[in-house]
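Engineer: One file is attached below, run27.cif, containing mmCIF, N, CA and C atoms.
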```
data_query
loop_
_atom_site.label_atom_id
_atom_site.label_comp_id
_atom_site.auth_asym_id
_atom_site.auth_seq_id
_atom_site.Cartn_x
_atom_site.Cartn_y
_atom_site.Cartn_z
N MET A 1 32.77 114.30 -125.09
CA MET A 1 33.27 112.96 -124.86
C MET A 1 33.07 112.60 -123.40
N LEU A 2 32.65 111.36 -123.19
CA LEU A 2 32.58 110.79 -121.86
C LEU A 2 33.18 109.41 -121.97
N GLY A 3 34.29 109.19 -121.27
CA GLY A 3 35.04 107.96 -121.50
C GLY A 3 35.53 107.97 -122.93
N ASP A 4 35.35 106.87 -123.61
CA ASP A 4 35.75 106.78 -125.02
C ASP A 4 34.59 107.07 -125.97
N ALA A 5 33.46 107.47 -125.43
CA ALA A 5 32.25 107.64 -126.25
C ALA A 5 32.03 109.09 -126.64
N THR A 6 31.65 109.27 -127.89
CA THR A 6 31.21 110.57 -128.35
C THR A 6 29.74 110.71 -127.99
N ILE A 7 29.44 111.66 -127.14
CA ILE A 7 28.07 111.88 -126.67
C ILE A 7 27.28 112.71 -127.68
N ALA A 8 27.92 113.71 -128.25
CA ALA A 8 27.24 114.57 -129.23
C ALA A 8 28.26 115.03 -130.27
N ASP A 9 27.78 115.15 -131.50
CA ASP A 9 28.60 115.65 -132.61
C ASP A 9 27.66 116.39 -133.53
N SER A 10 27.90 117.69 -133.70
CA SER A 10 26.94 118.49 -134.44
C SER A 10 27.60 119.64 -135.17
N THR A 11 27.01 120.00 -136.29
CA THR A 11 27.35 121.23 -137.00
C THR A 11 26.15 122.18 -136.98
N ARG A 12 25.16 121.85 -136.13
CA ARG A 12 23.91 122.62 -136.08
C ARG A 12 23.66 123.21 -134.70
N THR A 13 24.70 123.47 -133.94
CA THR A 13 24.52 123.99 -132.58
C THR A 13 24.04 125.44 -132.60
N HIS A 14 23.48 125.85 -131.48
CA HIS A 14 23.09 127.24 -131.27
C HIS A 14 24.01 127.82 -130.22
N ARG A 15 24.68 128.92 -130.55
CA ARG A 15 25.62 129.59 -129.63
C ARG A 15 24.84 130.67 -128.89
N VAL A 16 24.86 130.59 -127.56
CA VAL A 16 24.13 131.55 -126.73
C VAL A 16 25.13 132.30 -125.86
N LEU A 17 24.98 133.63 -125.86
CA LEU A 17 25.87 134.49 -125.06
C LEU A 17 25.06 135.18 -123.98
N GLU A 18 25.66 135.30 -122.82
CA GLU A 18 25.09 136.08 -121.72
C GLU A 18 26.18 136.98 -121.18
N THR A 19 25.80 138.06 -120.53
CA THR A 19 26.75 139.01 -119.97
C THR A 19 27.74 138.32 -119.05
N SER A 20 29.02 138.58 -119.27
CA SER A 20 30.11 138.06 -118.43
C SER A 20 30.24 136.54 -118.45
N HIS A 21 29.77 135.90 -119.53
CA HIS A 21 29.88 134.45 -119.67
C HIS A 21 30.53 134.11 -121.00
N PRO A 22 31.33 133.05 -121.02
CA PRO A 22 31.73 132.52 -122.33
C PRO A 22 30.51 131.86 -122.98
N PRO A 23 30.56 131.59 -124.27
CA PRO A 23 29.40 131.01 -124.96
C PRO A 23 29.01 129.64 -124.41
N VAL A 24 27.73 129.34 -124.55
CA VAL A 24 27.21 128.00 -124.29
C VAL A 24 26.65 127.51 -125.62
N TYR A 25 26.90 126.25 -125.94
CA TYR A 25 26.45 125.67 -127.20
C TYR A 25 25.35 124.66 -126.93
N TYR A 26 24.22 124.84 -127.61
CA TYR A 26 23.07 123.95 -127.48
C TYR A 26 23.01 123.05 -128.70
N VAL A 27 22.98 121.75 -128.46
CA VAL A 27 23.03 120.73 -129.50
C VAL A 27 21.63 120.16 -129.74
N PRO A 28 21.18 120.09 -130.99
CA PRO A 28 19.89 119.46 -131.25
C PRO A 28 19.89 118.01 -130.74
N LEU A 29 18.77 117.58 -130.17
CA LEU A 29 18.69 116.21 -129.65
C LEU A 29 19.01 115.16 -130.70
N ALA A 30 18.70 115.43 -131.95
CA ALA A 30 18.98 114.47 -133.02
C ALA A 30 20.48 114.23 -133.19
N ASP A 31 21.32 115.14 -132.67
CA ASP A 31 22.77 115.00 -132.81
C ASP A 31 23.43 114.46 -131.54
N VAL A 32 22.63 113.95 -130.62
CA VAL A 32 23.12 113.35 -129.38
C VAL A 32 23.01 111.84 -129.52
N ALA A 33 24.02 111.12 -129.05
CA ALA A 33 24.03 109.66 -129.15
C ALA A 33 22.80 109.05 -128.47
N THR A 34 22.21 108.08 -129.13
CA THR A 34 21.05 107.38 -128.59
C THR A 34 21.42 106.74 -127.25
N GLY A 35 20.57 106.96 -126.25
CA GLY A 35 20.78 106.37 -124.94
C GLY A 35 21.73 107.12 -124.03
N ALA A 36 22.31 108.22 -124.51
CA ALA A 36 23.29 108.97 -123.71
C ALA A 36 22.62 109.86 -122.66
N LEU A 37 21.36 110.20 -122.87
CA LEU A 37 20.67 111.12 -121.97
C LEU A 37 19.48 110.45 -121.30
N GLU A 38 19.31 110.75 -120.02
CA GLU A 38 18.12 110.33 -119.30
C GLU A 38 17.67 111.52 -118.46
N ALA A 39 16.37 111.80 -118.49
CA ALA A 39 15.85 112.93 -117.71
C ALA A 39 16.27 112.76 -116.25
N SER A 40 16.81 113.82 -115.68
CA SER A 40 17.27 113.80 -114.31
C SER A 40 16.10 114.01 -113.36
N SER A 41 16.18 113.40 -112.21
CA SER A 41 15.15 113.61 -111.19
C SER A 41 15.56 114.75 -110.26
N GLY A 42 16.62 115.49 -110.64
CA GLY A 42 17.19 116.52 -109.79
C GLY A 42 16.50 117.86 -109.81
N GLY A 43 15.31 117.98 -110.39
CA GLY A 43 14.59 119.24 -110.37
C GLY A 43 14.97 120.17 -111.50
N THR A 44 14.53 121.43 -111.37
CA THR A 44 14.73 122.44 -112.40
C THR A 44 15.37 123.68 -111.78
N THR A 45 15.82 124.57 -112.65
CA THR A 45 16.31 125.88 -112.22
C THR A 45 15.66 126.93 -113.12
N PHE A 46 15.77 128.18 -112.72
CA PHE A 46 15.16 129.26 -113.48
C PHE A 46 16.23 130.23 -113.94
N CYS A 47 16.22 130.55 -115.23
CA CYS A 47 17.08 131.57 -115.81
C CYS A 47 16.20 132.76 -116.17
N GLU A 48 16.59 133.92 -115.71
CA GLU A 48 15.77 135.11 -115.98
C GLU A 48 15.68 135.43 -117.47
N TRP A 49 16.60 134.91 -118.28
CA TRP A 49 16.60 135.20 -119.71
C TRP A 49 15.93 134.12 -120.53
N LYS A 50 16.14 132.86 -120.16
CA LYS A 50 15.69 131.76 -121.00
C LYS A 50 14.50 130.99 -120.45
N GLY A 51 14.26 131.05 -119.14
CA GLY A 51 13.12 130.36 -118.55
C GLY A 51 13.54 129.21 -117.64
N ILE A 52 12.73 128.16 -117.62
CA ILE A 52 12.95 127.02 -116.73
C ILE A 52 13.82 125.97 -117.43
N ALA A 53 14.93 125.63 -116.78
CA ALA A 53 15.84 124.62 -117.31
C ALA A 53 15.55 123.27 -116.66
N SER A 54 15.54 122.23 -117.47
CA SER A 54 15.43 120.85 -117.01
C SER A 54 16.77 120.18 -117.27
N TYR A 55 17.08 119.14 -116.51
CA TYR A 55 18.41 118.54 -116.57
C TYR A 55 18.37 117.10 -117.06
N TYR A 56 19.51 116.67 -117.60
CA TYR A 56 19.71 115.29 -118.04
C TYR A 56 20.91 114.71 -117.32
N ASP A 57 20.83 113.42 -117.00
CA ASP A 57 22.00 112.65 -116.61
C ASP A 57 22.61 112.16 -117.91
N VAL A 58 23.94 112.20 -118.00
CA VAL A 58 24.65 111.81 -119.21
C VAL A 58 25.39 110.52 -118.93
N SER A 59 25.21 109.51 -119.80
CA SER A 59 25.82 108.20 -119.58
C SER A 59 26.56 107.71 -120.80
N ALA A 60 27.66 107.01 -120.51
CA ALA A 60 28.42 106.29 -121.54
C ALA A 60 29.09 105.11 -120.83
N GLY A 61 28.89 103.92 -121.36
CA GLY A 61 29.46 102.74 -120.71
C GLY A 61 28.92 102.62 -119.30
N ARG A 62 29.81 102.48 -118.34
CA ARG A 62 29.41 102.36 -116.94
C ARG A 62 29.44 103.68 -116.19
N GLN A 63 29.70 104.75 -116.89
CA GLN A 63 29.84 106.06 -116.26
C GLN A 63 28.58 106.90 -116.48
N THR A 64 28.09 107.51 -115.41
CA THR A 64 26.95 108.42 -115.49
C THR A 64 27.28 109.71 -114.75
N ILE A 65 27.04 110.83 -115.40
CA ILE A 65 27.23 112.16 -114.81
C ILE A 65 25.84 112.71 -114.53
N GLU A 66 25.49 112.80 -113.25
CA GLU A 66 24.19 113.35 -112.90
C GLU A 66 24.14 114.83 -113.23
N ARG A 67 23.05 115.23 -113.86
CA ARG A 67 22.83 116.63 -114.25
C ARG A 67 24.01 117.18 -115.06
N GLY A 68 24.50 116.38 -115.98
CA GLY A 68 25.63 116.78 -116.81
C GLY A 68 25.24 117.63 -118.01
N ALA A 69 23.94 117.76 -118.24
CA ALA A 69 23.45 118.54 -119.37
C ALA A 69 22.10 119.14 -119.01
N TRP A 70 21.70 120.17 -119.76
CA TRP A 70 20.41 120.80 -119.49
C TRP A 70 19.74 121.23 -120.78
N THR A 71 18.45 121.53 -120.67
CA THR A 71 17.65 121.94 -121.82
C THR A 71 16.55 122.90 -121.36
N TYR A 72 15.95 123.57 -122.31
CA TYR A 72 14.77 124.40 -122.07
C TYR A 72 13.65 123.84 -122.95
N HIS A 73 12.67 123.19 -122.32
CA HIS A 73 11.55 122.62 -123.08
C HIS A 73 10.60 123.70 -123.57
N ASP A 74 10.53 124.80 -122.84
CA ASP A 74 9.61 125.89 -123.20
C ASP A 74 10.30 127.23 -122.93
N PRO A 75 11.32 127.57 -123.73
CA PRO A 75 12.06 128.81 -123.47
C PRO A 75 11.20 130.05 -123.71
N VAL A 76 11.62 131.15 -123.11
CA VAL A 76 10.89 132.41 -123.27
C VAL A 76 11.09 132.94 -124.70
N ALA A 77 10.27 133.90 -125.06
CA ALA A 77 10.34 134.51 -126.39
C ALA A 77 11.76 135.02 -126.67
N GLY A 78 12.22 134.75 -127.85
CA GLY A 78 13.56 135.15 -128.25
C GLY A 78 14.56 134.00 -128.20
N PHE A 79 14.21 132.93 -127.46
CA PHE A 79 15.11 131.78 -127.34
C PHE A 79 14.46 130.50 -127.88
N GLU A 80 13.48 130.64 -128.73
CA GLU A 80 12.79 129.47 -129.28
C GLU A 80 13.73 128.52 -130.01
N ALA A 81 14.81 129.03 -130.56
CA ALA A 81 15.75 128.19 -131.32
C ALA A 81 16.41 127.11 -130.47
N ILE A 82 16.48 127.32 -129.15
CA ILE A 82 17.12 126.30 -128.30
C ILE A 82 16.12 125.35 -127.65
N ARG A 83 14.84 125.45 -128.02
CA ARG A 83 13.83 124.55 -127.46
C ARG A 83 14.29 123.10 -127.64
N ASP A 84 14.39 122.38 -126.53
CA ASP A 84 14.75 120.95 -126.49
C ASP A 84 16.16 120.64 -126.99
N ALA A 85 16.95 121.65 -127.32
CA ALA A 85 18.37 121.39 -127.61
C ALA A 85 19.08 121.23 -126.26
N VAL A 86 20.22 120.57 -126.26
CA VAL A 86 20.89 120.20 -125.02
C VAL A 86 22.25 120.90 -124.94
N ALA A 87 22.53 121.45 -123.76
CA ALA A 87 23.84 122.03 -123.48
C ALA A 87 24.56 121.14 -122.47
N PHE A 88 25.84 120.95 -122.67
CA PHE A 88 26.64 120.09 -121.80
C PHE A 88 27.61 120.91 -120.96
N TYR A 89 27.79 120.52 -119.71
CA TYR A 89 28.79 121.14 -118.85
C TYR A 89 30.15 120.58 -119.20
N PRO A 90 31.06 121.39 -119.78
CA PRO A 90 32.38 120.84 -120.12
C PRO A 90 33.16 120.37 -118.89
N MET A 91 32.87 120.95 -117.71
CA MET A 91 33.59 120.56 -116.49
C MET A 91 33.26 119.12 -116.09
N HIS A 92 32.12 118.59 -116.54
CA HIS A 92 31.72 117.24 -116.16
C HIS A 92 32.03 116.18 -117.22
N MET A 93 32.34 116.61 -118.42
CA MET A 93 32.67 115.67 -119.48
C MET A 93 34.18 115.41 -119.46
N ASP A 94 34.60 114.34 -120.10
CA ASP A 94 36.03 114.07 -120.18
C ASP A 94 36.72 114.99 -121.17
N ALA A 95 36.00 115.42 -122.18
CA ALA A 95 36.53 116.39 -123.15
C ALA A 95 35.37 116.95 -123.96
N CYS A 96 35.47 118.23 -124.28
CA CYS A 96 34.54 118.88 -125.20
C CYS A 96 35.39 119.63 -126.22
N TYR A 97 34.99 119.56 -127.46
CA TYR A 97 35.75 120.20 -128.54
C TYR A 97 34.83 121.13 -129.32
N LEU A 98 35.41 122.22 -129.78
CA LEU A 98 34.74 123.13 -130.67
C LEU A 98 35.68 123.35 -131.85
N ASP A 99 35.28 122.91 -133.04
CA ASP A 99 36.14 122.98 -134.22
C ASP A 99 37.52 122.39 -133.94
N ASP A 100 37.56 121.23 -133.33
CA ASP A 100 38.78 120.48 -133.01
C ASP A 100 39.65 121.09 -131.91
N GLU A 101 39.18 122.18 -131.28
CA GLU A 101 39.92 122.77 -130.17
C GLU A 101 39.32 122.28 -128.85
N LEU A 102 40.19 121.80 -127.96
CA LEU A 102 39.74 121.36 -126.64
C LEU A 102 39.24 122.58 -125.86
N VAL A 103 38.06 122.48 -125.31
CA VAL A 103 37.41 123.57 -124.59
C VAL A 103 37.82 123.55 -123.12
N ALA A 104 38.00 124.72 -122.54
CA ALA A 104 38.18 124.84 -121.10
C ALA A 104 36.82 125.19 -120.50
N ALA A 105 36.56 124.69 -119.30
CA ALA A 105 35.28 124.94 -118.65
C ALA A 105 35.29 126.28 -117.92
N GLN A 106 34.14 126.94 -117.93
CA GLN A 106 33.97 128.15 -117.14
C GLN A 106 34.06 127.77 -115.66
N ALA A 107 34.72 128.60 -114.89
CA ALA A 107 34.89 128.33 -113.46
C ALA A 107 33.55 128.39 -112.73
N GLY A 108 33.49 127.71 -111.61
CA GLY A 108 32.27 127.69 -110.80
C GLY A 108 31.46 126.44 -111.08
N GLY A 109 30.75 125.96 -110.10
CA GLY A 109 30.02 124.71 -110.24
C GLY A 109 28.71 124.79 -110.98
N PHE A 110 28.22 125.99 -111.26
CA PHE A 110 26.90 126.13 -111.87
C PHE A 110 26.96 126.48 -113.35
N TYR A 111 28.00 127.16 -113.78
CA TYR A 111 28.04 127.72 -115.13
C TYR A 111 28.55 126.71 -116.15
N GLY A 112 28.06 126.82 -117.37
CA GLY A 112 28.40 125.84 -118.40
C GLY A 112 29.06 126.43 -119.62
N GLY A 113 29.76 127.56 -119.47
CA GLY A 113 30.39 128.19 -120.62
C GLY A 113 31.56 127.40 -121.18
N TRP A 114 31.78 127.58 -122.48
CA TRP A 114 32.85 126.90 -123.20
C TRP A 114 33.90 127.95 -123.56
N ILE A 115 35.10 127.82 -123.03
CA ILE A 115 36.17 128.78 -123.27
C ILE A 115 37.14 128.21 -124.30
N THR A 116 37.34 128.97 -125.39
CA THR A 116 38.31 128.61 -126.42
C THR A 116 39.31 129.75 -126.56
N SER A 117 40.29 129.57 -127.40
CA SER A 117 41.31 130.60 -127.59
C SER A 117 40.74 131.88 -128.20
N ASP A 118 39.55 131.81 -128.79
CA ASP A 118 38.92 132.98 -129.39
C ASP A 118 38.11 133.81 -128.40
N VAL A 119 37.97 133.33 -127.16
CA VAL A 119 37.12 133.97 -126.18
C VAL A 119 37.99 134.57 -125.07
N VAL A 120 37.76 135.85 -124.77
CA VAL A 120 38.56 136.55 -123.78
C VAL A 120 37.66 136.99 -122.63
N GLY A 121 38.11 136.77 -121.38
CA GLY A 121 37.36 137.13 -120.18
C GLY A 121 37.62 138.58 -119.79
N PRO A 122 37.30 138.95 -118.59
CA PRO A 122 36.99 138.05 -117.48
C PRO A 122 35.58 137.50 -117.56
N PHE A 123 35.38 136.34 -116.89
CA PHE A 123 34.10 135.66 -116.91
C PHE A 123 33.54 135.54 -115.51
N LYS A 124 32.24 135.56 -115.43
CA LYS A 124 31.54 135.26 -114.19
C LYS A 124 31.89 133.82 -113.83
N GLY A 125 31.97 133.53 -112.56
CA GLY A 125 32.29 132.16 -112.18
C GLY A 125 32.61 132.06 -110.71
N ARG A 126 33.81 131.58 -110.45
CA ARG A 126 34.25 131.35 -109.09
C ARG A 126 33.86 132.49 -108.20
#
```
If you took the structure in this file and wrote it as structure tokens, what would it be?

Structural biologist:
Amino acid sequence: MLGDATIADSTRTHRVLETSHPPVYYVPLADVATGALEASSGGTTFCEWKGIASYYDVSAGRQTIERGAWTYHDPVAGFEAIRDAVAFYPMHMDACYLDDELVAAQAGGFYGGWITSDVVGPFKGR
């Protein structure tokens, strides 16, 4: 959620786990609201496991979150399922839910993990 708008709603997400991280959920682009994403001009980053990440600015109404989401257009072998799916930073959204549970954001400005009552740390972050 961003403002009063639902940015994404999906039952087809891909759950990705990394060492010392809570899960990250990648949403198929078809399940993202039309017009909510615009390719960011903020560059790319490299993940040693998944490859080169590209970023999206997320918008709803008059609000825009720069680099509020990311994707892998050409992920490395083993991560093909998340090709062009989008992950959102819960810390930058007004609310993120997983099965109707409000998600807590992973600490730190770079990480995008989704913490629910089913996930136990400690987590990489701050």

Engineer: In file coordinates, which residues lie within 8 Å of (23.0, 106.5, -127.3) using all atoms listed in the file, given as a list in words?

Structural biologist: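 Those residues lying close to the given coordinates are Thr6, Ile7, Val32, Ala33, Thr34, Gly35, Ala36, Leu37, Ser59 and Ala60 of chain A.
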
Engineer: Run DSSP on the backbone and tell me which residues of chain A come out as strand (DSSP E); list them as a VMD selection string.

Structural biologist: chain A and resid 14 to 16 24 to 27 37 to 47 51 to 60 63 to 71 86 to 88 97 to 98 101 to 102 104 to 105 114 to 115

Engineer: What separation in Å, quoted to one decimal, exists between atom N of A:Ser41 and atom CA of A:Tyr72?

Structural biologist: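 One can read the atom N of A:Ser41 to atom CA of A:Tyr72 distance as 14.8 Å.
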
Engineer: Could you tell me which residues the PyMOL selection byres ((chain A and resi 98-102) around 8) grabs in this file, written as a list in words?

Structural biologist: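 Applying the PyMOL selection byres ((chain A and resi 98-102) around 8) to the structure shown produces Ala95, Cys96, Tyr97, Val103, Ala104, Ala105, Trp114, Ile115, Thr116 and Ser117 of chain A.
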
Engineer: What do you get, as a VMD selection string, if you spell out every residue that the PyMOL selection byres (((chain A and resi 73 and name CA) around 7) and name CA) selects here?

Structural biologist: chain A and resid 71 to 72 74 to 75 83 to 84

Engineer: What is the distance, in Å and to one decimal place, between atom C of A:Phe110 and atom C of A:Gly125?

Structural biologist: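 Atom C of A:Gly125 lies at a distance of 8.4 Å from atom C of A:Phe110.
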
Engineer: Please expand the PyMOL selection byres (((chain A and resi 9-12 and name CA) around 6) and name CA) into the concrete residues it hits in this file, giving the result as a short mmCIF file (atom, residue, chain, number, x, y, z; two decimals) with N, CA and C atoms, keeping the file's coordinate frame.

Structural biologist:
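What ended up in expr.cif:
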```cif
data_model
loop_
_atom_site.label_atom_id
_atom_site.label_comp_id
_atom_site.auth_asym_id
_atom_site.auth_seq_id
_atom_site.Cartn_x
_atom_site.Cartn_y
_atom_site.Cartn_z
N ALA A 8 27.92 113.71 -128.25
CA ALA A 8 27.24 114.57 -129.23
C ALA A 8 28.26 115.03 -130.27
N THR A 13 24.70 123.47 -133.94
CA THR A 13 24.52 123.99 -132.58
C THR A 13 24.04 125.44 -132.60
N ASP A 31 21.32 115.14 -132.67
CA ASP A 31 22.77 115.00 -132.81
C ASP A 31 23.43 114.46 -131.54
#
```

Engineer: Give me the residues within 8 Å of A:Arg67 as a list in words, counting only C-alpha atoms and dropping any in the same chain fewer than 5 places off.

Structural biologist: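 The neighbour list is Ser40, Gly42, Tyr55, Tyr56, Asp57 and Val58 of chain A.
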
Engineer: Can you tell me how far atom CA of A:Ser20 sits from atom N of A:Ile65, in Å to one decimal?

Structural biologist: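 Result for atom CA of A:Ser20 versus atom N of A:Ile65: 27.6 Å, one decimal.
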
Engineer: My structure is short of atoms at stretch 67-77 of chain A; please model all heavy atoms there, returning them as a PDB file, in the frame of the given file.

Structural biologist:
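After the write, out_15.pdb holds the following:
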```pdb
ATOM      1  N   ARG A  67      23.050 115.230-113.860  1.00  0.00           N
ATOM      2  CA  ARG A  67      22.830 116.630-114.250  1.00  0.00           C
ATOM      3  C   ARG A  67      24.010 117.180-115.060  1.00  0.00           C
ATOM      4  O   ARG A  67      24.422 118.312-114.904  1.00  0.00           O
ATOM      5  CB  ARG A  67      22.547 117.491-113.024  1.00  0.00           C
ATOM      6  CG  ARG A  67      21.237 117.134-112.346  1.00  0.00           C
ATOM      7  CD  ARG A  67      21.011 117.836-111.025  1.00  0.00           C
ATOM      8  NE  ARG A  67      21.021 119.278-111.138  1.00  0.00           N
ATOM      9  CZ  ARG A  67      19.941 120.058-111.076  1.00  0.00           C
ATOM     10  NH1 ARG A  67      18.763 119.523-110.882  1.00  0.00           N
ATOM     11  NH2 ARG A  67      20.042 121.368-111.167  1.00  0.00           N
ATOM     12  N   GLY A  68      24.500 116.380-115.980  1.00  0.00           N
ATOM     13  CA  GLY A  68      25.630 116.780-116.810  1.00  0.00           C
ATOM     14  C   GLY A  68      25.240 117.630-118.010  1.00  0.00           C
ATOM     15  O   GLY A  68      26.108 118.138-118.717  1.00  0.00           O
ATOM     16  N   ALA A  69      23.940 117.760-118.240  1.00  0.00           N
ATOM     17  CA  ALA A  69      23.450 118.540-119.370  1.00  0.00           C
ATOM     18  C   ALA A  69      22.100 119.140-119.010  1.00  0.00           C
ATOM     19  O   ALA A  69      21.433 118.676-118.084  1.00  0.00           O
ATOM     20  CB  ALA A  69      23.315 117.655-120.611  1.00  0.00           C
ATOM     21  N   TRP A  70      21.700 120.170-119.760  1.00  0.00           N
ATOM     22  CA  TRP A  70      20.410 120.800-119.490  1.00  0.00           C
ATOM     23  C   TRP A  70      19.740 121.230-120.780  1.00  0.00           C
ATOM     24  O   TRP A  70      20.370 121.287-121.841  1.00  0.00           O
ATOM     25  CB  TRP A  70      20.550 121.971-118.527  1.00  0.00           C
ATOM     26  CG  TRP A  70      21.178 123.202-119.100  1.00  0.00           C
ATOM     27  CD1 TRP A  70      20.534 124.289-119.624  1.00  0.00           C
ATOM     28  CD2 TRP A  70      22.574 123.486-119.222  1.00  0.00           C
ATOM     29  NE1 TRP A  70      21.439 125.223-120.047  1.00  0.00           N
ATOM     30  CE2 TRP A  70      22.707 124.760-119.815  1.00  0.00           C
ATOM     31  CE3 TRP A  70      23.736 122.792-118.879  1.00  0.00           C
ATOM     32  CZ2 TRP A  70      23.942 125.340-120.085  1.00  0.00           C
ATOM     33  CZ3 TRP A  70      24.966 123.376-119.145  1.00  0.00           C
ATOM     34  CH2 TRP A  70      25.052 124.637-119.736  1.00  0.00           C
ATOM     35  N   THR A  71      18.450 121.530-120.670  1.00  0.00           N
ATOM     36  CA  THR A  71      17.650 121.940-121.820  1.00  0.00           C
ATOM     37  C   THR A  71      16.550 122.900-121.360  1.00  0.00           C
ATOM     38  O   THR A  71      16.256 122.982-120.168  1.00  0.00           O
ATOM     39  CB  THR A  71      17.014 120.717-122.515  1.00  0.00           C
ATOM     40  OG1 THR A  71      16.424 121.127-123.741  1.00  0.00           O
ATOM     41  CG2 THR A  71      15.971 120.040-121.643  1.00  0.00           C
ATOM     42  N   TYR A  72      15.950 123.570-122.310  1.00  0.00           N
ATOM     43  CA  TYR A  72      14.770 124.400-122.070  1.00  0.00           C
ATOM     44  C   TYR A  72      13.650 123.840-122.950  1.00  0.00           C
ATOM     45  O   TYR A  72      13.693 123.971-124.166  1.00  0.00           O
ATOM     46  CB  TYR A  72      15.047 125.866-122.421  1.00  0.00           C
ATOM     47  CG  TYR A  72      16.032 126.493-121.471  1.00  0.00           C
ATOM     48  CD1 TYR A  72      17.394 126.464-121.733  1.00  0.00           C
ATOM     49  CD2 TYR A  72      15.600 127.087-120.295  1.00  0.00           C
ATOM     50  CE1 TYR A  72      18.308 127.008-120.842  1.00  0.00           C
ATOM     51  CE2 TYR A  72      16.497 127.637-119.395  1.00  0.00           C
ATOM     52  CZ  TYR A  72      17.843 127.595-119.675  1.00  0.00           C
ATOM     53  OH  TYR A  72      18.742 128.126-118.784  1.00  0.00           O
ATOM     54  N   HIS A  73      12.670 123.190-122.320  1.00  0.00           N
ATOM     55  CA  HIS A  73      11.550 122.620-123.080  1.00  0.00           C
ATOM     56  C   HIS A  73      10.600 123.700-123.570  1.00  0.00           C
ATOM     57  O   HIS A  73       9.932 123.524-124.592  1.00  0.00           O
ATOM     58  CB  HIS A  73      10.789 121.598-122.234  1.00  0.00           C
ATOM     59  CG  HIS A  73      11.600 120.401-121.871  1.00  0.00           C
ATOM     60  ND1 HIS A  73      12.163 119.550-122.815  1.00  0.00           N
ATOM     61  CD2 HIS A  73      11.967 119.912-120.667  1.00  0.00           C
ATOM     62  CE1 HIS A  73      12.820 118.590-122.205  1.00  0.00           C
ATOM     63  NE2 HIS A  73      12.719 118.790-120.897  1.00  0.00           N
ATOM     64  N   ASP A  74      10.530 124.800-122.840  1.00  0.00           N
ATOM     65  CA  ASP A  74       9.610 125.890-123.200  1.00  0.00           C
ATOM     66  C   ASP A  74      10.300 127.230-122.930  1.00  0.00           C
ATOM     67  O   ASP A  74       9.925 127.951-122.007  1.00  0.00           O
ATOM     68  CB  ASP A  74       8.315 125.763-122.395  1.00  0.00           C
ATOM     69  CG  ASP A  74       7.240 126.709-122.877  1.00  0.00           C
ATOM     70  OD1 ASP A  74       7.282 127.131-124.055  1.00  0.00           O
ATOM     71  OD2 ASP A  74       6.359 127.043-122.068  1.00  0.00           O
ATOM     72  N   PRO A  75      11.320 127.570-123.730  1.00  0.00           N
ATOM     73  CA  PRO A  75      12.060 128.810-123.470  1.00  0.00           C
ATOM     74  C   PRO A  75      11.200 130.050-123.710  1.00  0.00           C
ATOM     75  O   PRO A  75      10.204 129.995-124.429  1.00  0.00           O
ATOM     76  CB  PRO A  75      13.214 128.747-124.472  1.00  0.00           C
ATOM     77  CG  PRO A  75      12.714 127.886-125.576  1.00  0.00           C
ATOM     78  CD  PRO A  75      11.784 126.890-124.934  1.00  0.00           C
ATOM     79  N   VAL A  76      11.620 131.150-123.110  1.00  0.00           N
ATOM     80  CA  VAL A  76      10.890 132.410-123.270  1.00  0.00           C
ATOM     81  C   VAL A  76      11.090 132.940-124.700  1.00  0.00           C
ATOM     82  O   VAL A  76      11.979 132.494-125.430  1.00  0.00           O
ATOM     83  CB  VAL A  76      11.334 133.452-122.228  1.00  0.00           C
ATOM     84  CG1 VAL A  76      11.054 132.961-120.815  1.00  0.00           C
ATOM     85  CG2 VAL A  76      12.784 133.809-122.395  1.00  0.00           C
ATOM     86  N   ALA A  77      10.270 133.900-125.060  1.00  0.00           N
ATOM     87  CA  ALA A  77      10.340 134.510-126.390  1.00  0.00           C
ATOM     88  C   ALA A  77      11.760 135.020-126.670  1.00  0.00           C
ATOM     89  O   ALA A  77      12.404 135.601-125.800  1.00  0.00           O
ATOM     90  CB  ALA A  77       9.343 135.650-126.488  1.00  0.00           C
TER      91      ALA A  77
END
```
